[in-house]
>>> print(open('model_3.txt').read())   # compact mmCIF, C-alpha atoms
# COMPACT_ATOMS: atom_id res chain seq x y z
CA ASP A 9 0.00 0.00 0.00
CA ALA A 10 1.13 3.54 -0.75
CA GLU A 11 2.08 5.58 2.28
CA ILE A 12 3.86 8.65 3.56
CA THR A 13 6.41 8.24 6.32
CA GLN A 14 8.40 10.64 8.45
CA SER A 15 11.58 10.13 10.39
CA PRO A 16 12.55 10.45 13.10
CA ARG A 17 9.32 10.32 15.11
CA HIS A 18 10.92 12.14 18.03
CA LYS A 19 14.04 14.26 18.23
CA ILE A 20 15.71 16.42 20.83
CA THR A 21 18.35 18.83 19.63
CA GLU A 22 20.31 21.77 20.95
CA THR A 23 19.89 25.41 20.04
CA GLY A 24 21.98 26.36 17.04
CA ARG A 25 22.32 22.88 15.57
CA GLN A 26 21.21 22.01 12.05
CA VAL A 27 18.44 19.44 11.95
CA THR A 28 16.88 17.60 9.02
CA LEU A 29 13.51 15.90 9.15
CA ALA A 30 12.79 13.31 6.49
CA CYS A 31 9.56 12.77 4.55
CA HIS A 32 9.10 9.96 2.05
CA GLN A 33 5.96 9.14 0.07
CA THR A 34 5.16 6.26 -2.23
CA TRP A 35 1.92 7.74 -3.63
CA ASN A 36 3.84 9.23 -6.58
CA HIS A 37 2.26 12.57 -5.69
CA ASN A 38 3.63 15.72 -7.25
CA ASN A 39 2.57 17.97 -4.36
CA MET A 40 4.31 17.80 -0.98
CA PHE A 41 3.91 20.06 2.03
CA TRP A 42 5.45 20.66 5.44
CA TYR A 43 3.31 21.97 8.31
CA ARG A 44 4.00 22.70 11.93
CA GLN A 45 1.36 22.16 14.57
CA ASP A 46 1.30 24.21 17.75
CA LEU A 47 -1.42 24.50 20.36
CA GLY A 48 -3.74 27.35 19.49
CA HIS A 49 -2.39 27.72 15.95
CA GLY A 50 -3.61 24.67 14.12
CA LEU A 51 -1.55 23.59 11.11
CA ARG A 52 0.62 26.25 9.53
CA LEU A 53 2.34 25.83 6.17
CA ILE A 54 6.14 26.03 6.22
CA HIS A 55 7.22 25.06 2.70
CA TYR A 56 5.70 23.23 -0.23
CA SER A 57 6.67 21.73 -3.57
CA TYR A 58 4.72 21.00 -6.74
CA GLY A 59 7.35 18.75 -8.28
CA VAL A 60 11.03 17.93 -8.66
CA GLN A 61 13.27 21.00 -8.29
CA ASP A 62 10.27 23.14 -7.27
CA THR A 63 10.13 24.63 -3.76
CA ASN A 64 8.07 27.48 -2.34
CA LYS A 65 7.81 29.34 0.96
CA GLY A 66 4.72 29.06 3.08
CA GLU A 67 3.45 31.38 5.80
CA VAL A 68 6.05 30.45 8.44
CA SER A 69 9.18 29.68 6.41
CA ASP A 70 11.82 31.71 8.29
CA GLY A 71 14.59 29.44 9.57
CA TYR A 72 13.55 26.48 7.42
CA SER A 73 14.53 25.17 4.00
CA VAL A 74 13.52 22.26 1.77
CA SER A 75 14.84 20.59 -1.35
CA ARG A 76 13.12 18.32 -3.88
CA SER A 77 15.55 16.17 -5.84
CA ASN A 78 13.04 13.39 -6.59
CA THR A 79 9.29 12.80 -6.45
CA GLU A 80 9.33 10.72 -3.26
CA ASP A 81 11.23 12.91 -0.79
CA LEU A 82 10.95 16.41 0.68
CA PRO A 83 13.40 16.80 3.58
CA LEU A 84 12.91 19.79 5.89
CA THR A 85 16.05 21.44 7.29
CA LEU A 86 16.23 23.75 10.27
CA GLU A 87 19.38 25.75 9.54
CA SER A 88 20.06 26.76 13.16
CA ALA A 89 17.49 25.34 15.55
CA ALA A 90 15.77 27.75 17.94
CA SER A 91 13.53 27.06 20.92
CA SER A 92 10.64 28.66 19.00
CA GLN A 93 10.91 25.78 16.55
CA THR A 94 9.91 23.24 19.18
CA SER A 95 6.78 21.79 17.61
CA VAL A 96 5.16 18.80 15.95
CA TYR A 97 5.96 18.71 12.24
CA PHE A 98 3.73 17.05 9.67
CA CYS A 99 4.55 16.26 6.10
CA ALA A 100 1.70 15.80 3.60
CA SER A 101 1.32 14.94 -0.06
CA SER A 102 -1.43 15.21 -2.66
CA ARG A 103 -1.85 14.57 -6.36
CA GLN A 104 -1.98 17.34 -8.93
CA GLY A 105 -5.32 18.91 -9.73
CA GLY A 106 -7.84 20.87 -7.74
CA GLY A 107 -9.62 19.38 -4.76
CA ALA A 108 -7.11 16.65 -4.04
CA GLU A 109 -7.02 14.94 -0.66
CA ALA A 110 -3.86 15.59 1.35
CA PHE A 111 -2.37 12.53 3.08
CA PHE A 112 -0.35 13.18 6.22
CA GLY A 113 2.68 11.46 7.66
CA GLN A 114 2.75 10.33 11.30
CA GLY A 115 4.45 13.51 12.47
CA THR A 116 7.80 14.33 14.07
CA ARG A 117 7.93 15.80 17.55
CA LEU A 118 10.95 18.10 17.71
CA THR A 119 12.22 19.60 20.94
CA VAL A 120 14.93 22.27 20.86
CA VAL A 121 16.71 22.73 24.19
CA GLY B 15 -3.90 34.12 0.99
CA GLU B 16 -6.78 32.30 2.57
CA ASN B 17 -7.92 32.82 6.17
CA VAL B 18 -10.01 30.13 7.82
CA GLU B 19 -11.69 30.63 11.17
CA GLN B 20 -13.20 27.82 13.17
CA HIS B 21 -15.72 27.97 16.03
CA PRO B 22 -16.16 26.94 18.77
CA SER B 23 -12.71 25.93 19.98
CA THR B 24 -14.06 23.28 22.34
CA LEU B 25 -17.35 21.42 22.22
CA SER B 26 -18.68 18.95 24.76
CA VAL B 27 -21.69 16.82 23.88
CA GLN B 28 -23.56 13.98 25.52
CA GLU B 29 -23.22 10.66 23.77
CA GLY B 30 -26.02 10.31 21.24
CA ASP B 31 -26.44 14.05 20.74
CA SER B 32 -25.36 15.98 17.64
CA ALA B 33 -22.27 18.14 17.28
CA VAL B 34 -21.86 21.03 14.85
CA ILE B 35 -18.62 22.83 14.02
CA LYS B 36 -18.67 25.95 11.89
CA CYS B 37 -15.94 27.49 9.74
CA THR B 38 -15.66 30.65 7.69
CA TYR B 39 -13.20 31.42 4.92
CA SER B 40 -12.11 34.59 3.19
CA ASP B 41 -11.10 33.71 -0.38
CA SER B 42 -14.10 33.55 -2.70
CA ALA B 43 -11.98 31.55 -5.18
CA SER B 44 -11.68 28.60 -2.75
CA ASN B 45 -13.42 25.56 -4.21
CA TYR B 46 -12.44 22.62 -2.01
CA PHE B 47 -13.27 22.23 1.68
CA PRO B 48 -12.01 19.15 3.53
CA TRP B 49 -12.49 18.18 7.17
CA TYR B 50 -9.79 16.30 9.06
CA LYS B 51 -10.05 14.38 12.32
CA GLN B 52 -7.00 14.09 14.55
CA GLU B 53 -6.92 11.73 17.50
CA LEU B 54 -4.44 12.33 20.29
CA GLY B 55 -0.90 11.66 19.12
CA LYS B 56 -2.01 10.67 15.63
CA ARG B 57 -1.89 12.21 12.18
CA PRO B 58 -4.83 14.24 10.73
CA GLN B 59 -7.04 12.05 8.57
CA LEU B 60 -9.66 13.15 6.06
CA ILE B 61 -13.20 12.30 7.12
CA ILE B 62 -15.26 14.18 4.53
CA ASP B 63 -14.83 16.89 1.94
CA ILE B 64 -17.02 19.05 -0.26
CA ARG B 65 -16.49 20.95 -3.46
CA SER B 66 -17.93 24.30 -4.35
CA ASN B 67 -20.46 22.93 -6.84
CA VAL B 68 -22.22 21.01 -4.07
CA GLY B 69 -24.20 22.43 -1.13
CA GLU B 70 -24.30 19.37 1.09
CA LYS B 71 -22.66 15.97 1.38
CA LYS B 72 -23.38 13.14 3.78
CA ASP B 73 -21.49 10.01 4.77
CA GLN B 74 -23.24 7.90 7.40
CA ARG B 75 -23.25 9.95 10.64
CA ILE B 76 -21.29 12.90 9.30
CA ALA B 77 -22.37 15.61 6.90
CA VAL B 78 -20.93 18.85 5.62
CA THR B 79 -22.84 21.88 4.34
CA LEU B 80 -21.42 24.74 2.30
CA ASN B 81 -22.79 28.24 1.81
CA LYS B 82 -20.61 29.92 -0.81
CA THR B 83 -22.47 33.21 -0.66
CA ALA B 84 -21.81 33.58 3.06
CA LYS B 85 -18.41 31.84 2.81
CA HIS B 86 -19.05 29.38 5.57
CA PHE B 87 -19.22 25.62 5.88
CA SER B 88 -20.14 23.32 8.72
CA LEU B 89 -19.52 19.77 9.92
CA HIS B 90 -22.43 17.89 11.47
CA ILE B 91 -21.95 14.71 13.48
CA THR B 92 -25.13 12.91 14.51
CA GLU B 93 -25.59 10.23 17.18
CA THR B 94 -22.17 11.00 18.64
CA GLN B 95 -20.12 8.15 20.11
CA PRO B 96 -17.07 8.17 22.41
CA GLU B 97 -14.81 7.40 19.43
CA ASP B 98 -15.86 10.72 17.90
CA SER B 99 -13.83 12.50 20.61
CA ALA B 100 -10.94 14.16 18.76
CA VAL B 101 -9.75 17.44 17.30
CA TYR B 102 -11.46 18.39 14.05
CA PHE B 103 -9.87 20.73 11.51
CA CYS B 104 -11.62 22.45 8.65
CA ALA B 105 -9.62 23.65 5.66
CA ALA B 106 -10.12 25.61 2.45
CA SER B 107 -8.12 25.41 -0.75
CA TYR B 108 -6.23 28.35 -2.19
CA GLY B 109 -3.57 28.91 -4.81
CA ASN B 110 -2.54 25.65 -6.44
CA ASN B 111 -3.68 22.84 -4.13
CA ARG B 112 -2.62 24.55 -0.93
CA LEU B 113 -4.85 24.20 2.11
CA ALA B 114 -5.41 26.79 4.82
CA PHE B 115 -6.50 25.16 8.07
CA GLY B 116 -8.62 26.43 10.91
CA LYS B 117 -7.14 26.24 14.40
CA GLY B 118 -9.03 23.10 15.28
CA ASN B 119 -11.97 22.18 17.46
CA GLN B 120 -11.71 19.79 20.41
CA VAL B 121 -14.85 17.64 20.54
CA VAL B 122 -15.47 15.72 23.75
CA VAL B 123 -18.23 13.13 23.79
CA ILE B 124 -19.41 12.45 27.33
CA PRO B 125 -20.60 8.87 27.85
>>> encode(input="model_3.txt", output="structure tokens")
Amino acid sequence: DAEITQSPRHKITETGRQVTLACHQTWNHNNMFWYRQDLGHGLRLIHYSYGVQDTNKGEVSDGYSVSRSNTEDLPLTLESAASSQTSVYFCASSRQGGGAEAFFGQGTRLTVV
Amino acid sequence: GENVEQHPSTLSVQEGDSAVIKCTYSDSASNYFPWYKQELGKRPQLIIDIRSNVGEKKDQRIAVTLNKTAKHFSLHITETQPEDSAVYFCAASYGNNRLAFGKGNQVVVIP
């Protein structure tokens, strides 16, 4: 069965370190998204991609970057982790075309100390 | 961009009663409105969605209504059960397949 997986599921890192969260999907979806989830804020879009070599900034992109070298993967990098980036991160993917269901990964809980 | 507001933030209902969650959106070009359910510690999962050419859609105990003129849509859960306790997110499409989410609604079903 097709799926979308994130790794690691939990991570603790120190302020200032670079961290990369992995997202891998086997749906063959063109669209991939990274969200962060914080209490009282719902799901906020960090970065997104519509295909290989395409990346775009979302509403809360400062301090984050992504790259899309193939269809399956969209890793999220925190260049220099800050305590404000402690959050639960969700990756999602959807097919091209309007009104497409977004499938979410299991989430990564990141703590920056 | 799109702005989605969701009310109320918390809703407690007696088992067997109905629950209604309402959302408003700002972008009149939005044409896709999904609802996601998220159980504690789990990923959001789609439970129902509606497109702008439809006013109402039903799937067993859940239904969604859309009023494009007023830019609001609602989730209705009938005959609530303890397993309906979760956080529910509404969303609206904007741009090219992006989704703007509401802040979520905690539904508690009291046995």
>>> interface_residues(input="model_3.txt", of="chain A", to="chain B", cutoff="9 Å", atoms="only C-alpha atoms", output="list in words")
Asn39, Phe41, Leu47, Gly48, His49, Gly50, Leu51, Arg52, Leu53, Tyr56, Tyr58, Phe98, Ser102, Arg103, Gln104, Gly105, Gly106, Gly107, Ala108, Glu109, Ala110, Phe111, Phe112, Gly113, Gln114 and Gly115 of chain A
>>> closest_residue(input="model_3.txt", among="A:Arg44, A:Arg76, A:Lys65, A:His37", to="Arg117 in chain A", atoms="all atoms listed in the file")
A:Arg44
>>> axis_aligned_box(input="model_3.txt", around="range 21-30 of chain B", padding_each_side="4 Å", output="JSON")
{"center_x": -19.4, "center_y": 19.1, "center_z": 20.8, "size_x": 21.3, "size_y": 25.7, "size_z": 17.5}
>>> atom_distance(input="model_3.txt", atom1="CA of Thr79 in chain B", atom2="CA of Gln20 in chain B")
14.4 Å
>>> atom_distance(input="model_3.txt", atom1="CA of Ala84 in chain B", atom2="CA of Asn17 in chain B")
14.3 Å
>>> atom_distance(input="model_3.txt", atom1="CA of Leu80 in chain B", atom2="CA of Leu25 in chain B")
20.6 Å
>>> residues_near_point(input="model_3.txt", point="(-16.6, 25.7, 9.3)", cutoff="8 Å", atoms="all atoms listed in the file", output="list in words")
Glu19, Gln20, His21, Ile35, Lys36, Cys37, Thr38, Tyr39, His86, Phe87, Ser88, Leu89 and Cys104 of chain B
>>> closest_residue(input="model_3.txt", among="B:Val34, B:Leu54, B:Ala100, B:Ala43", to="Ala77 in chain B", atoms="only C-alpha atoms")
B:Val34
>>> residues_near_point(input="model_3.txt", point="(13.7, 16.3, 10.6)", cutoff="9 Å", atoms="all atoms listed in the file", output="PDB file with C-alpha atoms, in the coordinates of the input")
ATOM      1  CA  GLN A  14       8.400  10.640   8.450  1.00  0.00           C
ATOM      2  CA  SER A  15      11.580  10.130  10.390  1.00  0.00           C
ATOM      3  CA  PRO A  16      12.550  10.450  13.100  1.00  0.00           C
ATOM      4  CA  ARG A  17       9.320  10.320  15.110  1.00  0.00           C
ATOM      5  CA  HIS A  18      10.920  12.140  18.030  1.00  0.00           C
ATOM      6  CA  LYS A  19      14.040  14.260  18.230  1.00  0.00           C
ATOM      7  CA  VAL A  27      18.440  19.440  11.950  1.00  0.00           C
ATOM      8  CA  THR A  28      16.880  17.600   9.020  1.00  0.00           C
ATOM      9  CA  LEU A  29      13.510  15.900   9.150  1.00  0.00           C
ATOM     10  CA  ALA A  30      12.790  13.310   6.490  1.00  0.00           C
ATOM     11  CA  CYS A  31       9.560  12.770   4.550  1.00  0.00           C
ATOM     12  CA  PRO A  83      13.400  16.800   3.580  1.00  0.00           C
ATOM     13  CA  LEU A  84      12.910  19.790   5.890  1.00  0.00           C
ATOM     14  CA  THR A  85      16.050  21.440   7.290  1.00  0.00           C
ATOM     15  CA  LEU A  86      16.230  23.750  10.270  1.00  0.00           C
ATOM     16  CA  TYR A  97       5.960  18.710  12.240  1.00  0.00           C
ATOM     17  CA  THR A 116       7.800  14.330  14.070  1.00  0.00           C
ATOM     18  CA  LEU A 118      10.950  18.100  17.710  1.00  0.00           C
TER      19      LEU A 118
END
>>> closest_residue(input="model_3.txt", among="A:Ile54, A:Ala100, A:Val121, A:Met40", to="Thr23 in chain A", atoms="only C-alpha atoms")
A:Val121
>>> closest_residue(input="model_3.txt", among="B:Asp73, B:Asp98, B:Asp31, B:Glu16", to="Lys85 in chain B", atoms="all atoms listed in the file")
B:Glu16
>>> decode(input="model_3.txt", residues="range 40-56 of chain B", atoms="N, CA, C and O atoms", output="short mmCIF file (atom, residue, chain, number, x, y, z; two decimals), in the first residue's frame")
data_model
loop_
_atom_site.label_atom_id
_atom_site.label_comp_id
_atom_site.auth_asym_id
_atom_site.auth_seq_id
_atom_site.Cartn_x
_atom_site.Cartn_y
_atom_site.Cartn_z
N SER B 40 -12.15 33.23 3.73
CA SER B 40 -12.11 34.59 3.19
C SER B 40 -11.99 34.66 1.67
O SER B 40 -12.44 35.63 1.06
N ASP B 41 -11.38 33.65 1.05
CA ASP B 41 -11.10 33.71 -0.38
C ASP B 41 -12.26 33.15 -1.20
O ASP B 41 -12.53 31.95 -1.15
N SER B 42 -12.94 34.00 -1.93
CA SER B 42 -14.10 33.55 -2.70
C SER B 42 -13.72 32.58 -3.81
O SER B 42 -14.58 31.90 -4.38
N ALA B 43 -12.42 32.48 -4.15
CA ALA B 43 -11.98 31.55 -5.18
C ALA B 43 -11.79 30.13 -4.65
O ALA B 43 -11.61 29.20 -5.42
N SER B 44 -11.84 29.94 -3.32
CA SER B 44 -11.68 28.60 -2.75
C SER B 44 -12.78 27.70 -3.27
O SER B 44 -13.95 28.09 -3.33
N ASN B 45 -12.41 26.46 -3.66
CA ASN B 45 -13.42 25.56 -4.21
C ASN B 45 -13.37 24.15 -3.63
O ASN B 45 -14.04 23.24 -4.11
N TYR B 46 -12.55 23.95 -2.61
CA TYR B 46 -12.44 22.62 -2.01
C TYR B 46 -12.32 22.78 -0.51
O TYR B 46 -11.49 23.56 -0.02
N PHE B 47 -13.17 22.02 0.24
CA PHE B 47 -13.27 22.23 1.68
C PHE B 47 -13.25 20.87 2.38
O PHE B 47 -14.29 20.24 2.55
N PRO B 48 -12.09 20.43 2.83
CA PRO B 48 -12.01 19.15 3.53
C PRO B 48 -12.10 19.32 5.04
O PRO B 48 -11.81 20.39 5.58
N TRP B 49 -12.48 18.24 5.71
CA TRP B 49 -12.49 18.18 7.17
C TRP B 49 -11.58 17.03 7.59
O TRP B 49 -11.69 15.92 7.06
N TYR B 50 -10.71 17.31 8.56
CA TYR B 50 -9.79 16.30 9.06
C TYR B 50 -10.07 16.04 10.54
O TYR B 50 -10.39 16.95 11.30
N LYS B 51 -9.91 14.79 10.92
CA LYS B 51 -10.05 14.38 12.32
C LYS B 51 -8.67 13.96 12.82
O LYS B 51 -7.96 13.23 12.12
N GLN B 52 -8.30 14.45 13.99
CA GLN B 52 -7.00 14.09 14.55
C GLN B 52 -7.19 13.57 15.97
O GLN B 52 -7.57 14.32 16.87
N GLU B 53 -6.90 12.31 16.16
CA GLU B 53 -6.92 11.73 17.50
C GLU B 53 -5.60 12.03 18.19
O GLU B 53 -4.59 12.32 17.53
N LEU B 54 -5.60 11.95 19.50
CA LEU B 54 -4.44 12.33 20.29
C LEU B 54 -3.20 11.55 19.86
O LEU B 54 -3.20 10.32 19.84
N GLY B 55 -2.16 12.28 19.50
CA GLY B 55 -0.90 11.66 19.12
C GLY B 55 -0.87 11.05 17.72
O GLY B 55 0.11 10.40 17.36
N LYS B 56 -1.94 11.27 16.95
CA LYS B 56 -2.01 10.67 15.63
C LYS B 56 -1.95 11.74 14.53
O LYS B 56 -1.95 12.94 14.81
#
